[in-house]
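Listing of run13.cif, mmCIF, C-alpha atoms
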data_run
loop_
_atom_site.label_atom_id
_atom_site.label_comp_id
_atom_site.auth_asym_id
_atom_site.auth_seq_id
_atom_site.Cartn_x
_atom_site.Cartn_y
_atom_site.Cartn_z
CA MET A 1 45.05 88.34 101.42
CA TYR A 2 48.37 89.73 102.56
CA GLN A 3 50.18 86.58 101.48
CA TYR A 4 48.50 86.68 98.07
CA ASN A 5 49.47 90.30 97.47
CA ASN A 6 53.01 89.61 98.60
CA HIS A 7 53.20 86.72 96.19
CA ASN A 8 52.04 88.90 93.30
CA GLN A 9 54.60 91.56 94.16
CA ARG A 10 57.39 88.99 94.11
CA ARG A 11 56.22 87.77 90.71
CA SER A 12 56.10 91.34 89.39
CA GLY A 13 59.60 91.97 90.75
CA LEU A 14 60.89 88.88 89.06
CA ARG A 15 59.38 90.01 85.76
CA LEU A 16 61.07 93.40 86.09
CA ASP A 17 64.41 91.76 86.88
CA VAL A 18 64.07 89.51 83.85
CA GLN A 19 63.22 92.46 81.60
CA LYS A 20 66.18 94.47 82.92
CA ARG A 21 68.52 91.55 82.34
CA ARG A 22 67.18 91.12 78.81
CA LYS A 23 67.66 94.81 78.02
CA LYS A 24 71.13 94.72 79.51
CA GLU A 25 71.98 91.65 77.45
CA GLN A 26 70.64 93.32 74.30
CA ARG A 27 72.74 96.44 74.94
CA ARG A 28 75.80 94.29 75.49
CA LYS A 29 75.19 92.44 72.22
CA ARG A 30 74.74 95.73 70.34
CA ILE A 31 78.00 97.07 71.79
CA ILE A 32 79.80 93.87 70.77
CA ILE A 33 78.37 94.06 67.25
CA ILE A 34 79.30 97.75 66.88
CA ALA A 35 82.82 97.15 68.21
CA PHE A 36 83.32 94.16 65.92
CA THR A 37 82.03 96.08 62.89
CA SER A 38 84.25 99.07 63.69
CA ALA A 39 87.28 96.82 64.07
CA MET A 40 86.56 95.20 60.71
CA LEU A 41 86.17 98.59 59.01
CA LEU A 42 89.41 99.87 60.52
CA ALA A 43 91.20 96.73 59.36
CA VAL A 44 89.86 97.19 55.83
CA PHE A 45 90.91 100.85 55.75
CA ALA A 46 94.35 99.93 57.10
CA VAL A 47 94.85 97.35 54.34
CA LEU A 48 93.69 99.79 51.65
CA SER A 49 95.94 102.53 53.03
CA ALA A 50 98.97 100.21 53.25
CA ASN A 51 98.54 99.34 49.59
CA GLY A 52 98.27 102.99 48.60
CA ILE A 53 94.64 102.65 47.42
CA ILE A 54 93.26 105.32 49.75
CA ASN A 55 94.70 107.96 52.05
CA ILE A 56 92.89 107.84 55.41
CA ARG A 57 94.36 111.10 56.71
CA GLY A 58 93.51 112.82 53.48
CA LEU A 59 89.82 111.80 53.90
CA PHE A 60 89.63 113.95 57.01
CA GLY A 61 91.62 116.84 55.51
CA LYS A 62 94.56 116.33 57.88
CA ASP A 63 97.12 115.16 55.38
CA ASN A 64 98.53 118.31 53.81
CA ASP A 65 101.64 116.66 52.49
CA PHE A 66 100.66 114.03 49.98
CA LYS A 67 97.59 114.63 47.85
CA PRO A 68 97.09 114.04 44.14
CA PRO A 69 97.71 117.23 42.13
CA VAL A 70 94.89 119.44 40.95
CA TYR A 71 95.48 120.63 37.41
CA THR A 72 94.17 124.06 36.53
CA ASP A 73 94.54 126.42 33.60
CA SER A 74 96.38 128.91 35.78
CA ASP A 75 99.39 126.55 36.04
CA THR A 76 99.24 126.88 39.82
CA GLN A 77 99.94 123.78 41.84
CA LYS A 78 97.18 122.98 44.29
CA THR A 79 99.00 120.03 45.82
CA PRO A 80 100.90 120.88 49.00
CA ASP A 81 104.46 119.88 49.55
CA THR A 82 106.17 116.89 51.01
CA PRO A 83 106.60 116.53 54.80
CA VAL A 84 108.85 118.62 57.01
CA ALA A 85 112.54 117.96 56.60
CA THR A 86 114.15 114.97 58.27
CA ASP A 87 116.96 115.46 60.75
CA THR A 88 118.19 112.09 61.99
CA GLU A 89 120.35 113.81 64.58
CA GLY A 90 117.47 115.69 66.17
CA THR A 91 113.97 116.48 64.98
CA THR A 92 112.10 113.77 63.12
CA PRO A 93 109.34 115.01 60.79
CA ASP A 94 106.01 113.40 60.06
CA THR A 95 106.50 110.99 57.19
CA THR A 96 103.25 109.07 57.44
CA GLU A 97 102.68 108.58 53.74
CA THR A 98 106.33 108.04 52.77
CA GLU A 99 107.97 104.66 52.30
CA ARG A 100 110.80 104.17 54.77
CA VAL A 101 112.80 101.64 52.74
CA PRO A 102 113.30 101.90 48.99
CA GLN A 103 111.74 98.91 47.24
CA THR A 104 112.69 98.61 43.65
CA THR A 105 111.30 95.74 41.62
CA GLU A 106 112.08 94.42 38.19
CA THR A 107 108.82 95.85 36.89
CA THR A 108 109.77 99.36 38.02
CA PRO A 109 111.06 101.30 35.01
CA PRO A 110 114.38 102.90 36.01
CA PRO A 111 114.62 106.64 35.33
CA VAL A 112 116.90 107.93 32.63
CA THR A 113 120.08 109.27 34.17
CA THR A 114 121.81 110.47 31.01
CA PRO A 115 120.75 114.03 30.09
CA PRO A 116 119.23 114.30 26.61
CA VAL A 117 121.65 115.53 24.01
CA THR A 118 120.48 118.68 22.30
CA THR A 119 122.13 121.74 20.90
CA PRO A 120 122.03 124.49 23.56
CA GLN A 121 120.41 127.82 22.88
CA VAL A 122 122.98 130.58 22.82
CA THR A 123 121.71 133.33 25.05
CA GLU A 124 124.75 135.18 26.36
CA PRO A 125 125.93 138.29 24.53
CA VAL A 126 128.99 138.12 22.32
CA THR A 127 131.94 139.69 24.08
CA SER A 128 134.18 139.69 21.02
CA GLU A 129 133.36 139.22 17.39
CA PRO A 130 135.50 136.37 16.05
CA ASP A 131 136.55 136.15 12.48
CA THR A 132 133.85 134.26 10.57
CA THR A 133 136.40 132.88 8.13
CA GLU A 134 137.32 129.41 9.30
CA THR A 135 140.79 128.32 8.24
CA THR A 136 141.22 125.20 10.28
CA PRO A 137 144.36 123.21 9.40
CA PRO A 138 143.75 119.72 8.01
CA ASP A 139 145.24 118.05 11.11
CA THR A 140 142.64 119.69 13.40
CA GLN A 141 139.54 118.98 11.30
CA SER A 142 137.90 116.23 13.33
CA ASP A 143 134.90 115.69 15.52
CA ASP A 144 137.03 116.38 18.61
CA THR A 145 137.46 120.02 17.68
CA THR A 146 133.78 120.69 18.23
CA ASP A 147 133.51 118.78 21.46
CA GLY A 148 133.07 121.47 24.09
CA GLY A 149 134.04 119.11 26.91
CA ASP A 150 137.53 118.44 25.45
CA SER A 151 138.17 121.97 24.27
CA SER A 152 137.40 123.47 27.66
CA SER A 153 140.34 121.56 29.15
CA ASP A 154 142.71 122.06 26.21
CA PRO A 155 145.73 124.13 27.37
CA SER A 156 145.93 125.80 23.95
CA SER A 157 142.54 127.40 24.44
CA ASP A 158 143.41 128.86 27.86
CA SER A 159 145.85 131.39 26.45
CA SER A 160 143.22 132.84 24.17
CA SER A 161 140.61 133.36 26.88
CA ASP A 162 142.37 136.44 28.28
CA SER A 163 142.69 138.22 24.95
CA SER A 164 139.48 137.31 23.18
CA SER A 165 136.32 136.26 25.06
CA ASP A 166 135.35 134.93 28.45
CA SER A 167 135.50 131.13 28.67
CA SER A 168 132.21 131.09 30.56
CA SER A 169 130.36 132.40 27.50
CA ASP A 170 128.36 130.01 25.35
CA GLU A 171 129.41 131.90 22.23
CA PRO A 172 132.03 130.29 19.98
CA SER A 173 135.62 131.08 20.99
CA SER A 174 138.73 131.27 18.86
CA ASP A 175 142.20 129.76 19.20
CA SER A 176 144.58 132.65 18.58
CA GLU A 177 147.73 130.79 19.59
CA SER A 178 147.74 128.70 16.44
CA GLY A 179 146.97 131.73 14.33
CA ASN A 180 143.68 130.25 13.18
CA ASP A 181 140.12 130.80 14.36
CA ILE A 182 138.55 127.54 15.57
CA ILE A 183 134.84 127.67 16.29
CA VAL A 184 134.20 125.82 19.57
CA SER A 185 130.66 124.91 20.58
CA PRO A 186 129.58 124.58 24.24
CA PRO A 187 129.30 121.10 25.77
CA GLU A 188 126.23 119.14 24.79
CA ASN A 189 125.90 117.91 28.38
CA ARG A 190 124.15 120.71 30.24
CA PHE A 191 125.87 119.76 33.51
CA GLU A 192 129.17 120.82 31.92
CA TRP A 193 128.01 124.31 30.98
CA PRO A 194 130.00 127.25 32.39
CA CYS A 195 127.10 128.39 34.60
CA VAL A 196 127.40 125.12 36.55
CA LEU A 197 129.75 125.72 39.47
CA SER A 198 132.92 123.64 39.39
CA GLU A 199 135.03 122.47 42.29
CA THR A 200 137.08 125.13 44.06
CA ALA A 201 139.29 125.41 47.09
CA PRO A 202 137.15 125.16 50.23
CA ALA A 203 135.72 128.52 51.23
CA THR A 204 136.16 129.74 54.78
CA ASP A 205 133.33 129.95 57.28
CA ASP A 206 133.10 133.67 56.54
CA TYR A 207 131.70 132.71 53.15
CA PHE A 208 128.31 132.14 54.76
CA ALA A 209 128.26 135.38 56.76
CA ASP A 210 126.64 137.26 53.86
CA THR A 211 124.91 134.25 52.29
CA LEU A 212 121.16 133.60 52.23
CA PHE A 213 119.47 130.25 51.58
CA ILE A 214 115.80 130.23 50.59
CA GLY A 215 113.64 127.27 49.65
CA ASP A 216 111.10 124.62 50.56
CA SER A 217 111.06 121.86 53.20
CA ARG A 218 114.21 120.26 51.80
CA MET A 219 116.13 123.46 52.46
CA GLN A 220 114.39 123.66 55.84
CA GLY A 221 115.94 120.30 56.69
CA VAL A 222 119.37 121.76 55.94
CA GLU A 223 118.48 124.72 58.15
CA LEU A 224 117.53 122.44 61.07
CA ALA A 225 120.81 120.53 60.78
CA CYS A 226 123.23 123.39 60.06
CA SER A 227 121.84 126.72 61.25
CA LYS A 228 123.47 126.45 64.69
CA GLU A 229 126.91 125.72 63.24
CA SER A 230 126.76 128.02 60.21
CA ALA A 231 126.67 131.81 59.96
CA ALA A 232 124.34 131.52 56.97
CA THR A 233 120.81 132.94 56.96
CA PHE A 234 117.85 130.69 56.11
CA TYR A 235 114.34 131.73 55.04
CA THR A 236 112.38 128.56 54.32
CA ALA A 237 108.77 127.43 54.24
CA VAL A 238 107.14 124.02 53.98
CA SER A 239 105.24 123.33 50.74
CA VAL A 240 106.37 126.58 49.13
CA THR A 241 107.00 126.83 45.39
CA ALA A 242 109.12 129.33 43.52
CA SER A 243 106.06 131.23 42.37
CA GLN A 244 104.80 131.50 45.99
CA ILE A 245 107.77 133.27 47.57
CA ASP A 246 105.75 136.46 47.93
CA THR A 247 102.36 134.88 48.76
CA ARG A 248 102.87 131.84 51.03
CA GLU A 249 103.40 132.88 54.64
CA GLY A 250 105.55 130.16 56.14
CA VAL A 251 108.80 131.78 57.29
CA ASN A 252 109.18 132.21 61.06
CA ILE A 253 110.84 135.50 62.01
CA MET A 254 110.89 137.64 65.14
CA VAL A 255 108.78 140.79 64.91
CA ASN A 256 108.74 143.01 68.01
CA GLY A 257 109.79 140.09 70.19
CA ALA A 258 107.14 137.72 68.86
CA VAL A 259 107.38 134.98 66.22
CA GLN A 260 105.44 135.83 63.09
CA LYS A 261 104.92 133.91 59.85
CA VAL A 262 105.71 135.90 56.71
CA THR A 263 106.57 135.23 53.08
CA ILE A 264 110.14 134.72 51.93
CA ILE A 265 110.18 138.09 50.16
CA ASP A 266 108.85 139.87 53.26
CA ALA A 267 111.46 138.14 55.42
CA ILE A 268 114.24 139.40 53.13
CA LYS A 269 112.82 142.92 53.20
CA GLN A 270 112.43 142.98 56.98
CA SER A 271 115.98 141.74 57.48
CA GLY A 272 117.26 145.06 56.14
CA ARG A 273 120.38 143.32 54.81
CA GLN A 274 122.09 143.24 51.43
CA PHE A 275 123.36 139.72 50.85
CA LYS A 276 126.30 138.87 48.61
CA ARG A 277 125.04 135.41 47.67
CA ILE A 278 121.55 133.88 47.55
CA TYR A 279 120.99 130.15 47.02
CA MET A 280 117.50 129.12 45.85
CA MET A 281 116.10 125.59 46.23
CA PHE A 282 112.67 125.02 44.68
CA GLY A 283 111.11 122.59 42.20
CA ILE A 284 110.12 119.41 44.04
CA ASN A 285 106.65 120.75 44.89
CA GLU A 286 106.01 122.03 41.38
CA LEU A 287 106.35 118.65 39.62
CA GLY A 288 102.62 117.94 39.73
CA SER A 289 101.54 121.40 38.62
CA GLY A 290 99.76 121.91 35.32
CA GLY A 291 101.87 123.04 32.40
CA GLY A 292 104.86 120.81 33.15
CA THR A 293 108.46 121.99 33.05
CA PRO A 294 107.83 125.16 30.97
CA ALA A 295 105.33 126.42 33.57
CA ILE A 296 107.75 125.62 36.40
CA ILE A 297 110.53 127.56 34.70
CA ARG A 298 108.23 130.55 34.16
CA GLY A 299 107.44 130.59 37.87
CA TYR A 300 111.15 130.25 38.74
CA LYS A 301 112.10 133.15 36.46
CA SER A 302 109.46 135.30 38.13
CA ALA A 303 110.90 134.41 41.54
CA VAL A 304 114.41 135.35 40.42
CA GLU A 305 113.16 138.73 39.21
CA LYS A 306 111.47 139.40 42.57
CA VAL A 307 114.64 138.50 44.47
CA ARG A 308 116.83 140.61 42.19
CA GLU A 309 114.52 143.57 42.65
CA ILE A 310 115.19 143.73 46.40
CA GLN A 311 118.73 142.25 46.31
CA PRO A 312 120.32 143.77 43.17
CA GLU A 313 123.91 143.20 44.31
CA ALA A 314 123.54 139.55 45.25
CA GLN A 315 124.81 136.71 43.10
CA ILE A 316 122.07 134.11 42.72
CA CYS A 317 122.71 130.38 42.54
CA ILE A 318 120.08 127.78 41.66
CA LEU A 319 120.35 124.50 43.58
CA GLY A 320 119.44 121.45 41.53
CA VAL A 321 116.45 119.33 42.50
CA MET A 322 117.56 116.19 44.30
CA PRO A 323 115.96 112.84 43.34
CA VAL A 324 113.69 110.73 45.57
CA PHE A 325 113.32 107.05 46.35
CA ASN A 326 111.83 105.07 43.47
CA SER A 327 109.55 103.45 46.05
CA CYS A 328 107.97 106.70 47.25
CA LYS A 329 104.19 106.48 46.89
CA TYR A 330 103.48 110.17 46.34
CA VAL A 331 105.82 113.00 45.37
CA SER A 332 103.77 115.94 44.11
CA GLY A 333 101.25 113.50 42.65
CA TYR A 334 103.75 111.04 41.17
CA LYS A 335 105.24 107.80 42.38
CA GLY A 336 108.97 107.94 42.99
CA TYR A 337 110.05 106.11 39.85
CA GLU A 338 107.78 108.41 37.82
CA ALA A 339 109.06 111.58 39.49
CA ASN A 340 112.80 110.98 39.05
CA PRO A 341 112.92 111.28 35.22
CA ARG A 342 110.87 114.47 35.50
CA ILE A 343 113.31 115.79 38.11
CA LEU A 344 116.23 115.21 35.76
CA ASP A 345 114.45 117.00 32.89
CA LEU A 346 113.63 119.89 35.22
CA ASN A 347 117.27 120.19 36.28
CA ILE A 348 118.36 120.44 32.65
CA ALA A 349 115.79 123.18 32.04
CA MET A 350 116.99 124.99 35.16
CA ILE A 351 120.56 124.97 33.85
CA GLU A 352 119.33 126.56 30.63
CA MET A 353 117.48 129.15 32.72
CA ALA A 354 120.61 129.88 34.76
CA ASN A 355 122.58 130.33 31.55
CA GLU A 356 119.96 132.69 30.13
CA LEU A 357 119.57 134.85 33.26
CA LYS A 358 123.31 134.92 34.09
CA LEU A 359 122.86 132.87 37.26
CA HIS A 360 124.94 130.12 38.83
CA TYR A 361 123.83 126.51 39.16
CA LEU A 362 124.95 123.94 41.73
CA ASP A 363 124.55 120.30 40.68
CA THR A 364 123.17 118.66 43.81
CA TYR A 365 121.34 116.04 41.72
CA HIS A 366 124.41 113.91 41.00
CA LEU A 367 125.76 114.51 44.51
CA PHE A 368 122.96 112.42 46.04
CA ALA A 369 121.75 110.23 43.13
CA THR A 370 122.55 106.56 42.60
CA GLU A 371 123.40 105.05 39.24
CA ASP A 372 119.74 104.29 38.56
CA GLY A 373 118.75 107.89 39.22
CA GLN A 374 117.09 107.68 42.64
CA LEU A 375 118.06 109.21 45.98
CA ASP A 376 120.85 107.25 47.63
CA PRO A 377 119.39 105.47 50.71
CA ALA A 378 122.50 106.48 52.64
CA HIS A 379 121.32 110.11 52.59
CA SER A 380 117.68 109.76 53.65
CA SER A 381 115.46 107.66 55.88
CA GLU A 382 112.14 108.43 54.18
CA GLY A 383 113.16 109.01 50.57
CA ILE A 384 112.62 112.75 50.10
CA HIS A 385 114.44 114.84 52.70
CA LEU A 386 118.11 114.62 53.63
CA SER A 387 119.27 113.31 56.97
CA GLY A 388 121.12 115.65 59.33
CA LYS A 389 124.48 114.20 58.33
CA SER A 390 123.77 114.55 54.62
CA SER A 391 122.51 118.11 55.14
CA LYS A 392 125.92 118.98 56.52
CA LEU A 393 127.48 117.25 53.51
CA LEU A 394 125.46 119.56 51.25
CA MET A 395 126.81 122.64 53.04
CA GLU A 396 130.37 121.33 52.66
CA TYR A 397 129.63 120.81 48.96
CA VAL A 398 128.57 124.45 48.74
CA LYS A 399 131.87 125.51 50.30
CA THR A 400 133.94 123.41 47.85
CA HIS A 401 131.95 124.78 44.87
CA ALA A 402 131.95 128.42 45.88
CA ILE A 403 130.67 131.24 43.69
CA PRO A 404 133.66 133.15 42.22
CA THR A 405 134.05 136.59 43.75
CA ASN A 406 135.04 138.20 40.47
CA ASN A 407 131.74 137.32 38.74
#
This entry written out as structure tokens:
Amino acid sequence: MYQYNNHNQRRSGLRLDVQKRRKKEQRRKRIIIIAFTSAMLLAVFAVLSANGIINIRGLFGKDNDFKPPVYTDSDTQKTPDTPVATDTEGTTPDTTETERVPQTTETTPPPVTTPPVTTPQVTEPVTSEPDTTETTPPDTQSDDTTDGGDSSSDPSSDSSSDSSSDSSSDEPSSDSESGNDIIVSPPENRFEWPCVLSETAPATDDYFADTLFIGDSRMQGVELACSKESAATFYTAVSVTASQIDTREGVNIMVNGAVQKVTIIDAIKQSGRQFKRIYMMFGINELGSGGGTPAIIRGYKSAVEKVREIQPEAQICILGVMPVFNSCKYVSGYKGYEANPRILDLNIAMIEMANELKLHYLDTYHLFATEDGQLDPAHSSEGIHLSGKSSKLLMEYVKTHAIPTNN
């Protein structure tokens, strides 16, 4: 009997071992199937993401840099900004969704680089009332007499600027040296308007001692590269737009020994300083907002008014919007080759705004643009933000196009 029971126990033990092995084998097969399925899904998502079909980080709400724009009736851009500024000499920002190498193809429509020719709106007040009777001699009646670009460099017109009207005015000026009044229209090319800063002798380092730079992540990249070497003050915030300078808390300042995030306007107020010059760089984040360029300009004008209210003695200069790589997948909701023509149109509108509000304008667009209207690859590694070396080039450009002290 003992041997029979022992035999039955061994058989029962064998059955249990077989069942355990089967369960273990089933678990191993399920793990293999799950791992294989997960790997296949990840591979599919990776392919879709590489081709720009989906944004994996955006699915989990972790990609705050590149999302399609949300258009609303309030003309407020819901799409956050581009990534933090690139500094090739130090900090490297997250540029997950940005193409590293510009890839232009024959099917990519190149952006228009020539500003549209239109008659500018005269907005500045008339400083002197010229004689409305035009008595132009026959030898001066030609198309060249109305070309503002040629007349601005004509020596004969320089002698009349001191006695009649300021040459920076868009109002017609007169040629008193010849004894006849010649009506001269401003240049049709907006980038040649008097509000656009021209080249000057390089300013000294003291020029930046009372100078403030405010703006978005592109200006923040300049801050990262130049703040240690420059006496300038920077108040910048990632993803900020001109209309958000008093609402978006993104500026890091020291408050009672601790770092605190505040808005650009609050940072200016808490500084307790009166700056002589304020440079403003906005516009790249607003491209995808509803309302287009007119809505962007309205927001920019509002920002200028808010800055002037707390800095009434400062001269304000608008920095032009720099282009991007044509191959960029997303720039405020547009692909790079779609964004660049809009950037050029926005710059032209900003020059008109500067002329209207008696501001200065610095043409940084042509400083960094190639002939086909995209950002020069020599100045950026990811197609949107300047490298550390090019950020320093921008500051040198500011010094060689200084704001006149007598204005």
Quiz prompt | Nearest candidate to Phe234 (chain A) (options A:Asp206, A:Leu375, A:Ser271, A:Ser198; using all atoms listed in the file) | solution =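 Among the listed residues, A:Ser271 lies closest to Phe234 (chain A).
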Exercise. For Leu287 (chain A), list every protein, DNA or RNA residue within 9 Å, evaluated using all atoms listed in the file, and leave out those in the same chain fewer than 6 positions away; present the list as a PyMOL selection string.
Key: chain A and resi 77+293+296+331-334+339+342-343+346
Give me the residues within 10 Å of Phe282 (chain A) as a PDB file with C-alpha atoms, keeping the file's coordinate frame, counting all atoms listed in the file and dropping any in the same chain fewer than 5 places off.
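Dumped everything to out13.pdb:
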ATOM      1  CA  ILE A 214     115.800 130.230  50.590  1.00  0.00           C
ATOM      2  CA  GLY A 215     113.640 127.270  49.650  1.00  0.00           C
ATOM      3  CA  ASP A 216     111.100 124.620  50.560  1.00  0.00           C
ATOM      4  CA  SER A 217     111.060 121.860  53.200  1.00  0.00           C
ATOM      5  CA  ARG A 218     114.210 120.260  51.800  1.00  0.00           C
ATOM      6  CA  MET A 219     116.130 123.460  52.460  1.00  0.00           C
ATOM      7  CA  SER A 239     105.240 123.330  50.740  1.00  0.00           C
ATOM      8  CA  VAL A 240     106.370 126.580  49.130  1.00  0.00           C
ATOM      9  CA  THR A 241     107.000 126.830  45.390  1.00  0.00           C
ATOM     10  CA  ALA A 242     109.120 129.330  43.520  1.00  0.00           C
ATOM     11  CA  SER A 243     106.060 131.230  42.370  1.00  0.00           C
ATOM     12  CA  ILE A 296     107.750 125.620  36.400  1.00  0.00           C
ATOM     13  CA  TYR A 300     111.150 130.250  38.740  1.00  0.00           C
ATOM     14  CA  ILE A 318     120.080 127.780  41.660  1.00  0.00           C
ATOM     15  CA  LEU A 319     120.350 124.500  43.580  1.00  0.00           C
ATOM     16  CA  GLY A 320     119.440 121.450  41.530  1.00  0.00           C
ATOM     17  CA  VAL A 321     116.450 119.330  42.500  1.00  0.00           C
TER      18      VAL A 321
END
Self-check item: Best match for closeness to Cys226 (chain A) among A:Ile403, A:Ala43, A:Leu394, A:Ala35, counting all atoms listed in the file
Solution: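 For Cys226 (chain A), the nearest of the given residues is A:Leu394.
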Practice problem: Using CA of Asn285 (chain A) and CA of Gly299 (chain A) as the two end points, give the distance in Å to one decimal. | Solution: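 Computed distance, CA of Asn285 (chain A) to CA of Gly299 (chain A), equals 12.1 Å.
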Quiz item: What is the distance, in Å and to one decimal place, between CA of Ile268 (chain A) and CA of Val307 (chain A)?
Solution: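 Distance between the two atoms: 8.7 Å.
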Practice problem: Check the smallest atom-to-atom distance from each of A:Gly292, A:Gly283, A:Gly383, A:Pro377 to Gly336 (chain A) using all atoms listed in the file, then report the winner. | Solution: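 Among the listed residues, the smallest separation from Gly336 (chain A) belongs to A:Gly383.
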Practice problem: Name the residues that the PyMOL selection byres ((chain A and resi 364) around 10) picks from the file above, as a PyMOL selection string, using the file's chain letters and numbers. | Solution: chain A and resi 318-323+347+361-363+365-369+394+397-398
Quiz item: When the PyMOL selection byres ((chain A and resi 250) around 7) is applied to the file above, which residues end up in the set, as number ranges by chain?
Solution: A: 237-238, 248-249, 251-252, 261-263
Could you pull the residues within 12 Å of Ser227 (chain A), counting only C-alpha atoms, minus those fewer than 5 positions along the same chain, as an mmCIF file with C-alpha atoms, in the frame of the given file?
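Written out: around05.cif:
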data_model
loop_
_atom_site.group_PDB
_atom_site.id
_atom_site.type_symbol
_atom_site.label_atom_id
_atom_site.label_comp_id
_atom_site.auth_asym_id
_atom_site.auth_seq_id
_atom_site.Cartn_x
_atom_site.Cartn_y
_atom_site.Cartn_z
ATOM 1 C CA PHE A 208 128.310 132.140 54.760
ATOM 2 C CA ALA A 209 128.260 135.380 56.760
ATOM 3 C CA LEU A 212 121.160 133.600 52.230
ATOM 4 C CA PHE A 213 119.470 130.250 51.580
ATOM 5 C CA MET A 219 116.130 123.460 52.460
ATOM 6 C CA GLN A 220 114.390 123.660 55.840
ATOM 7 C CA GLY A 221 115.940 120.300 56.690
ATOM 8 C CA VAL A 222 119.370 121.760 55.940
ATOM 9 C CA ALA A 232 124.340 131.520 56.970
ATOM 10 C CA THR A 233 120.810 132.940 56.960
ATOM 11 C CA PHE A 234 117.850 130.690 56.110
ATOM 12 C CA TYR A 235 114.340 131.730 55.040
ATOM 13 C CA THR A 236 112.380 128.560 54.320
ATOM 14 C CA GLY A 388 121.120 115.650 59.330
ATOM 15 C CA SER A 391 122.510 118.110 55.140
ATOM 16 C CA LYS A 392 125.920 118.980 56.520
ATOM 17 C CA MET A 395 126.810 122.640 53.040
#
Practice problem: Rounded to one decimal place, report the CA of Lys358 (chain A)-CA of Glu192 (chain A) distance in Å. | Solution: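 Taking CA of Lys358 (chain A) and CA of Glu192 (chain A), their separation equals 15.4 Å.
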